[in-house]
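Shown here: work_35.txt, compact mmCIF, C-alpha atoms.
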```txt
# COMPACT_ATOMS: atom_id res chain seq x y z
CA MET A 198 99.65 71.49 140.35
CA LEU A 199 97.72 74.71 139.77
CA GLU A 200 100.24 76.40 142.06
CA VAL A 201 103.14 75.10 139.93
CA CYS A 202 101.48 76.44 136.79
CA GLY A 203 100.87 79.84 138.41
CA LEU A 204 104.47 79.98 139.61
CA ALA A 205 105.75 79.20 136.10
CA LEU A 206 103.56 81.97 134.71
CA VAL A 207 104.84 84.50 137.26
CA VAL A 208 108.47 83.52 136.58
CA THR A 209 107.91 83.95 132.83
CA MET A 210 106.32 87.34 133.41
CA GLY A 211 109.46 88.31 135.34
CA LEU A 212 111.68 87.17 132.46
CA ALA A 213 109.57 89.14 129.97
CA LEU A 214 109.74 92.17 132.28
CA GLY A 215 113.54 91.85 132.22
CA ARG A 216 113.46 91.93 128.42
CA GLY A 217 111.20 94.98 128.54
CA VAL A 218 113.64 96.80 130.83
CA LEU A 219 116.78 95.73 128.91
CA GLY A 220 115.32 95.76 125.40
CA PRO A 221 117.38 98.03 123.13
CA SER A 222 114.55 98.91 120.71
CA ILE A 223 110.89 99.83 121.12
CA PHE A 224 109.91 96.51 119.49
CA ASP A 225 111.48 94.47 122.29
CA ARG A 226 109.39 96.43 124.76
CA VAL A 227 106.20 95.94 122.74
CA LEU A 228 107.01 92.22 122.54
CA ALA A 229 107.44 92.12 126.32
CA VAL A 230 104.12 93.95 126.85
CA ASN A 231 102.33 91.52 124.53
CA MET A 232 103.87 88.52 126.28
CA ILE A 233 103.07 89.78 129.78
CA GLY A 234 99.47 90.39 128.63
CA THR A 235 99.08 86.84 127.34
CA LYS A 236 100.57 85.44 130.54
CA THR A 237 98.17 87.61 132.57
CA VAL A 238 95.22 86.03 130.75
CA LEU A 239 96.53 82.55 131.59
CA LEU A 240 97.29 83.54 135.18
CA LEU A 241 93.74 84.85 135.63
CA ALA A 242 92.36 81.55 134.30
CA VAL A 243 94.58 79.58 136.70
CA ILE A 244 93.61 81.83 139.65
CA ALA A 245 89.92 81.27 138.80
CA PHE A 246 90.45 77.54 139.44
CA LEU A 247 92.88 78.03 142.34
CA TYR A 248 90.39 80.07 144.38
CA ASP A 249 87.34 78.34 142.84
CA ARG A 250 85.87 81.57 141.49
CA PRO A 251 84.77 81.04 137.85
CA ASP A 252 83.89 84.76 137.46
CA PHE A 253 87.60 85.42 136.90
CA LEU A 254 87.33 83.73 133.48
CA ASP A 255 85.24 86.70 132.26
CA LEU A 256 88.03 89.02 133.40
CA ALA A 257 90.54 86.87 131.50
CA LEU A 258 88.47 87.15 128.31
CA ALA A 259 88.14 90.93 128.68
CA TYR A 260 91.87 91.23 129.36
CA ALA A 261 92.69 89.28 126.19
CA LEU A 262 90.62 91.76 124.15
CA ILE A 263 92.16 94.84 125.81
CA ASN A 264 95.69 93.48 125.42
CA PHE A 265 95.25 92.92 121.68
CA ILE A 266 93.77 96.40 121.11
CA GLY A 267 96.52 98.03 123.18
CA VAL A 268 99.36 96.34 121.28
CA MET A 269 97.71 97.26 117.96
CA ALA A 270 97.41 100.91 119.02
CA ILE A 271 101.08 101.16 120.07
CA LEU A 272 102.24 99.51 116.82
CA GLN A 273 100.09 101.85 114.69
CA PHE A 274 101.69 104.81 116.47
CA VAL A 275 105.22 103.48 115.96
CA GLN A 276 104.52 102.63 112.31
CA ASN A 277 103.21 106.13 111.56
CA LYS A 278 106.32 107.60 113.14
CA ALA A 279 108.59 105.28 111.10
CA LEU A 280 106.80 106.14 107.86
CA ARG A 281 107.17 109.87 108.51
CA ASN A 282 110.92 109.48 109.10
CA PRO A 283 112.03 106.74 106.67
CA PRO A 284 115.14 104.85 107.82
CA SER A 285 118.38 104.87 105.86
CA ASN A 286 119.80 101.63 104.46
CA GLU A 287 121.93 101.14 107.57
CA PRO A 288 120.35 99.18 110.41
CA VAL A 289 118.85 101.46 113.03
CA SER A 290 120.26 99.75 116.10
CA GLN A 291 124.03 99.56 116.26
CA ASP A 292 123.92 96.46 118.47
CA ASN A 293 122.80 94.28 115.55
CA SER A 294 125.77 95.17 113.37
CA LYS A 295 128.20 94.58 116.21
CA GLU A 296 126.85 91.11 116.91
CA ALA A 297 126.97 90.15 113.22
CA MET B 132 91.40 49.71 142.60
CA GLU B 133 90.84 49.98 138.89
CA THR B 134 87.76 52.16 139.27
CA GLU B 135 89.74 54.51 141.51
CA PHE B 136 92.39 54.82 138.84
CA LEU B 137 89.78 55.45 136.15
CA GLN B 138 88.15 58.12 138.30
CA SER B 139 91.44 59.95 138.84
CA LEU B 140 92.51 59.63 135.20
CA PRO B 141 91.04 62.98 133.97
CA ARG B 142 92.70 64.80 136.86
CA LEU B 143 96.06 63.19 136.06
CA LEU B 144 95.66 64.10 132.38
CA ALA B 145 94.82 67.69 133.30
CA TYR B 146 97.82 68.02 135.61
CA ALA B 147 100.15 66.48 133.01
CA SER B 148 98.90 68.89 130.36
CA MET B 149 99.32 71.87 132.68
CA VAL B 150 102.89 70.84 133.61
CA ILE B 151 103.81 70.43 129.92
CA GLY B 152 102.34 73.86 129.17
CA SER B 153 104.22 75.44 132.08
CA ALA B 154 107.48 73.93 130.84
CA PHE B 155 106.92 75.36 127.35
CA ILE B 156 106.06 78.77 128.84
CA VAL B 157 109.19 78.95 130.99
CA ILE B 158 111.39 77.80 128.09
CA GLY B 159 109.89 80.52 125.89
CA GLY B 160 110.48 83.13 128.60
CA ILE B 161 114.15 82.16 128.86
CA GLY B 162 114.38 82.39 125.07
CA VAL B 163 112.88 85.89 125.03
CA LEU B 164 115.46 87.04 127.57
CA ARG B 165 118.51 85.40 125.94
CA MET B 166 117.96 85.51 122.14
CA PRO B 167 120.22 87.98 120.28
CA GLU B 168 117.79 90.16 118.27
CA ILE B 169 114.13 91.03 117.82
CA PHE B 170 113.10 88.42 115.23
CA THR B 171 114.54 85.46 117.12
CA ARG B 172 113.00 86.82 120.32
CA MET B 173 109.60 86.83 118.63
CA HIS B 174 110.18 83.23 117.60
CA ALA B 175 110.71 82.34 121.27
CA SER B 176 107.68 84.37 122.34
CA SER B 177 105.38 82.60 119.87
CA VAL B 178 106.17 79.26 121.55
CA THR B 179 104.63 80.53 124.78
CA GLU B 180 101.63 82.05 123.02
CA THR B 181 100.55 78.96 121.07
CA THR B 182 101.78 75.72 122.60
CA GLY B 183 102.08 76.88 126.20
CA SER B 184 98.72 78.66 126.32
CA LEU B 185 96.90 75.80 124.59
CA PHE B 186 98.33 73.11 126.89
CA VAL B 187 97.49 75.10 130.04
CA LEU B 188 93.97 75.96 128.84
CA ALA B 189 93.37 72.35 127.74
CA GLY B 190 94.39 71.17 131.20
CA LEU B 191 91.97 73.61 132.82
CA MET B 192 89.22 72.46 130.42
CA ILE B 193 89.74 68.81 131.39
CA LEU B 194 89.76 69.84 135.06
CA SER B 195 86.43 71.69 134.84
CA GLY B 196 84.52 69.05 132.88
CA PHE B 197 81.32 69.87 131.01
CA THR B 198 80.48 73.26 132.55
CA LEU B 199 80.14 76.88 131.49
CA ALA B 200 83.77 77.40 132.52
CA THR B 201 84.86 75.06 129.72
CA VAL B 202 82.97 77.18 127.18
CA LYS B 203 84.67 80.32 128.47
CA LEU B 204 88.09 78.65 128.39
CA PHE B 205 87.40 77.51 124.83
CA ALA B 206 86.47 81.09 123.88
CA ILE B 207 89.70 82.39 125.45
CA SER B 208 91.83 79.84 123.59
CA LEU B 209 90.06 80.57 120.30
CA PHE B 210 90.60 84.29 120.80
CA LEU B 211 94.30 83.82 121.64
CA LEU B 212 94.71 81.66 118.52
CA PHE B 213 93.23 84.40 116.34
CA THR B 214 94.97 87.43 117.85
CA SER B 215 98.52 86.23 118.46
CA PRO B 216 99.39 85.73 114.74
CA VAL B 217 97.87 89.13 113.92
CA SER B 218 99.90 90.95 116.57
CA THR B 219 103.04 89.02 115.58
CA TYR B 220 102.55 90.05 111.95
CA ALA B 221 101.98 93.69 112.95
CA LEU B 222 105.12 93.69 115.12
CA VAL B 223 107.32 92.18 112.36
CA ASN B 224 105.88 94.53 109.75
CA THR B 225 106.50 97.57 111.93
CA ALA B 226 110.04 96.43 112.76
CA LEU B 227 110.87 95.95 109.05
CA ILE B 228 109.38 99.35 108.13
CA ALA B 229 111.40 100.99 110.90
CA GLY B 230 114.59 99.50 109.44
CA GLN B 231 115.37 96.60 111.76
CA LYS B 232 117.30 93.92 109.86
CA PRO B 233 117.62 90.24 110.77
CA VAL B 234 121.16 89.29 111.79
CA VAL B 235 122.54 86.91 109.16
CA VAL B 236 125.65 84.83 109.81
CA LYS B 237 127.59 83.05 107.07
CA ASP B 238 129.05 79.75 108.21
CA SER B 239 132.22 78.03 106.91
CA THR B 240 130.47 76.24 104.02
CA GLY B 241 129.09 79.48 102.63
CA GLY B 242 125.56 78.66 103.80
CA VAL B 243 123.49 81.34 105.41
CA SER B 244 121.82 80.96 108.78
CA ALA B 245 119.96 83.43 110.93
```

Have the structure of the file written as structure tokens, please.
Amino acid sequence: MLEVCGLALVVTMGLALGRGVLGPSIFDRVLAVNMIGTKTVLLLAVIAFLYDRPDFLDLALAYALINFIGVMAILQFVQNKALRNPPSNEPVSQDNSKEA
Amino acid sequence: METEFLQSLPRLLAYASMVIGSAFIVIGGIGVLRMPEIFTRMHASSVTETTGSLFVLAGLMILSGFTLATVKLFAISLFLLFTSPVSTYALVNTALIAGQKPVVVKDSTGGVSA
């Protein structure tokens, strides 16, 4: 059952990676990075039980911290850039207006 | 017979919880890949980060019993519960500042849906 859970996590990381590659805007890519990071934490916890090595739980905890800080840093950078160049009233990505 | 069942009950509970969590995680992953725009994609992603993570970690906690590993798993789940809303808020705020707009569709009755 641990194997099933690990397989589901790996499949979901692949789906999130697809969104990161396809994603039209930077926010889709940040979302994919955040999601892959959370799934990595869970996968480390599952691997700790799969191979019976509880030390991996410490790695999972450290990875959760690093993932949060990394996402915050990228978003701060993007937000500063957006505030320096304020957007017009039109939506930035043309895909949204086409789909509406 | 009954004692055997009672002894294997925690393991069955743990496996059931982990399977439920895996199902939620895969469903959220499909949603992230298929949803039309950033805000709906984040809605799909939050399913995996709350329900999926908590079910999987709860299953692992039941599996490990009263050990140090349970304390660590509890710390991980607590940390995920605190950080995922914060990063979701930061992502939405940045997307709105950068000019991303939610796609709004008017249906036939004049109601508005996202």

Using all atoms listed in the file, find each residue in chain B having at least one atom no more than 9 Å away from chain A; report its shortest atom-to-atom pair and that distance in Å (one decimal), rows by chain then rising number, as a Markdown table.
```
| residue | atom | partner | partner_atom | distance |
| --- | --- | --- | --- | --- |
| B:Tyr146 | CA | A:Met198 | CA | 6.2 |
| B:Ala147 | CA | A:Met198 | CA | 8.9 |
| B:Met149 | CA | A:Cys202 | CA | 6.5 |
| B:Val150 | CA | A:Cys202 | CA | 6.6 |
| B:Gly152 | CA | A:Cys202 | CA | 8.1 |
| B:Ser153 | CA | A:Cys202 | CA | 5.5 |
| B:Ala154 | CA | A:Ala205 | CA | 7.6 |
| B:Ile156 | CA | A:Thr209 | CA | 6.8 |
| B:Val157 | CA | A:Thr209 | CA | 5.5 |
| B:Ile158 | CA | A:Thr209 | CA | 8.5 |
| B:Gly159 | CA | A:Thr209 | CA | 8.0 |
| B:Gly160 | CA | A:Thr209 | CA | 5.0 |
| B:Ile161 | CA | A:Leu212 | CA | 6.6 |
| B:Val163 | CA | A:Ala213 | CA | 6.8 |
| B:Leu164 | CA | A:Arg216 | CA | 5.4 |
| B:Arg165 | CA | A:Arg216 | CA | 8.6 |
| B:Pro167 | CA | A:Glu296 | CA | 8.1 |
| B:Glu168 | CA | A:Asn293 | CA | 7.0 |
| B:Ile169 | CA | A:Asp225 | CA | 6.2 |
| B:Arg172 | CA | A:Asp225 | CA | 8.0 |
| B:Met173 | CA | A:Leu228 | CA | 7.1 |
| B:Ser176 | CA | A:Met232 | CA | 6.9 |
| B:Ser177 | CA | A:Met232 | CA | 8.9 |
| B:Thr179 | CA | A:Met232 | CA | 8.2 |
| B:Glu180 | CA | A:Thr235 | CA | 6.9 |
| B:Ser184 | CA | A:Leu239 | CA | 6.9 |
| B:Val187 | CA | A:Leu239 | CA | 7.7 |
| B:Leu188 | CA | A:Leu239 | CA | 7.6 |
| B:Leu191 | CA | A:Val243 | CA | 7.6 |
| B:Leu194 | CA | A:Phe246 | CA | 8.9 |
| B:Ser195 | CA | A:Phe246 | CA | 8.5 |
| B:Leu199 | CA | A:Pro251 | CA | 8.9 |
| B:Ala200 | CA | A:Pro251 | CA | 6.5 |
| B:Lys203 | CA | A:Leu254 | CA | 6.6 |
| B:Leu204 | CA | A:Leu254 | CA | 7.2 |
| B:Ala206 | CA | A:Leu258 | CA | 7.8 |
| B:Ile207 | CA | A:Leu258 | CA | 5.7 |
| B:Phe210 | CA | A:Ala261 | CA | 7.6 |
| B:Leu211 | CA | A:Ala261 | CA | 7.3 |
| B:Thr214 | CA | A:Phe265 | CA | 6.7 |
| B:Ser215 | CA | A:Phe265 | CA | 8.1 |
| B:Ser218 | CA | A:Met269 | CA | 6.8 |
| B:Thr219 | CA | A:Leu228 | CA | 8.6 |
| B:Ala221 | CA | A:Leu272 | CA | 7.0 |
| B:Leu222 | CA | A:Leu272 | CA | 6.7 |
| B:Val223 | CA | A:Phe224 | CA | 8.7 |
| B:Asn224 | CA | A:Gln276 | CA | 8.6 |
| B:Thr225 | CA | A:Gln276 | CA | 5.4 |
| B:Ala226 | CA | A:Phe224 | CA | 6.7 |
| B:Ile228 | CA | A:Ala279 | CA | 6.7 |
| B:Ala229 | CA | A:Ala279 | CA | 5.1 |
| B:Gly230 | CA | A:Pro284 | CA | 5.6 |
| B:Gln231 | CA | A:Pro288 | CA | 5.8 |
| B:Lys232 | CA | A:Pro288 | CA | 6.1 |
| B:Pro233 | CA | A:Asn293 | CA | 8.1 |
| B:Val234 | CA | A:Ala297 | CA | 6.0 |
| B:Val235 | CA | A:Ala297 | CA | 6.8 |
| B:Val236 | CA | A:Ala297 | CA | 6.5 |
```

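We find atom CA of Ala145 of chain B and atom CA of Gly162 of chain B to be spaced 25.8 Å apart.
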
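We find atom CA of Glu135 of chain B and atom CA of Tyr248 of chain A to be spaced 25.7 Å apart.
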
Exercise for the section: Just give me the gap between atom CA of Gln138 of chain B and atom CA of Thr201 of chain B in Å, one decimal is fine. Expected result: 19.3 Å

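Residue nearest Ser148 of chain B within the list B:Met192, B:Val217, B:Val178, B:Leu227: B:Met192 [criterion: smallest interatomic distance, only C-alpha atoms].
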
Can we get segment 203-240 of chain B of that structure written down with C-alpha atoms, as a PDB file, in the first residue's frame?
```pdb
ATOM      1  CA  LYS B 203       7.830  14.232  13.389  1.00  0.00           C
ATOM      2  CA  LEU B 204       4.895  13.443  11.096  1.00  0.00           C
ATOM      3  CA  PHE B 205       2.663  15.620  13.268  1.00  0.00           C
ATOM      4  CA  ALA B 206       5.202  18.461  13.006  1.00  0.00           C
ATOM      5  CA  ILE B 207       5.292  18.076   9.205  1.00  0.00           C
ATOM      6  CA  SER B 208       1.491  18.146   8.934  1.00  0.00           C
ATOM      7  CA  LEU B 209       1.255  21.173  11.243  1.00  0.00           C
ATOM      8  CA  PHE B 210       3.877  22.985   9.185  1.00  0.00           C
ATOM      9  CA  LEU B 211       2.116  22.166   5.898  1.00  0.00           C
ATOM     10  CA  LEU B 212      -1.175  23.418   7.373  1.00  0.00           C
ATOM     11  CA  PHE B 213       0.433  26.739   8.299  1.00  0.00           C
ATOM     12  CA  THR B 214       2.469  27.374   5.146  1.00  0.00           C
ATOM     13  CA  SER B 215       0.142  26.301   2.332  1.00  0.00           C
ATOM     14  CA  PRO B 216      -2.496  29.038   2.962  1.00  0.00           C
ATOM     15  CA  VAL B 217       0.267  31.652   3.239  1.00  0.00           C
ATOM     16  CA  SER B 218       1.865  30.670  -0.066  1.00  0.00           C
ATOM     17  CA  THR B 219      -1.563  30.439  -1.729  1.00  0.00           C
ATOM     18  CA  TYR B 220      -2.389  33.960  -0.538  1.00  0.00           C
ATOM     19  CA  ALA B 221       0.973  35.278  -1.760  1.00  0.00           C
ATOM     20  CA  LEU B 222       0.485  33.645  -5.167  1.00  0.00           C
ATOM     21  CA  VAL B 223      -3.055  35.058  -5.614  1.00  0.00           C
ATOM     22  CA  ASN B 224      -1.967  38.500  -4.431  1.00  0.00           C
ATOM     23  CA  THR B 225       0.969  38.561  -6.836  1.00  0.00           C
ATOM     24  CA  ALA B 226      -1.199  37.346  -9.726  1.00  0.00           C
ATOM     25  CA  LEU B 227      -3.789  40.081  -9.076  1.00  0.00           C
ATOM     26  CA  ILE B 228      -1.093  42.775  -8.798  1.00  0.00           C
ATOM     27  CA  ALA B 229       0.440  41.593 -12.066  1.00  0.00           C
ATOM     28  CA  GLY B 230      -2.936  42.003 -13.789  1.00  0.00           C
ATOM     29  CA  GLN B 231      -4.227  38.444 -14.092  1.00  0.00           C
ATOM     30  CA  LYS B 232      -8.040  38.472 -14.123  1.00  0.00           C
ATOM     31  CA  PRO B 233     -10.359  35.575 -13.284  1.00  0.00           C
ATOM     32  CA  VAL B 234     -12.290  34.323 -16.312  1.00  0.00           C
ATOM     33  CA  VAL B 235     -15.979  35.085 -15.740  1.00  0.00           C
ATOM     34  CA  VAL B 236     -18.682  33.451 -17.848  1.00  0.00           C
ATOM     35  CA  LYS B 237     -22.277  34.679 -17.972  1.00  0.00           C
ATOM     36  CA  ASP B 238     -24.782  31.861 -18.326  1.00  0.00           C
ATOM     37  CA  SER B 239     -28.229  32.007 -19.996  1.00  0.00           C
ATOM     38  CA  THR B 240     -30.065  33.224 -16.866  1.00  0.00           C
TER      39      THR B 240
END
```
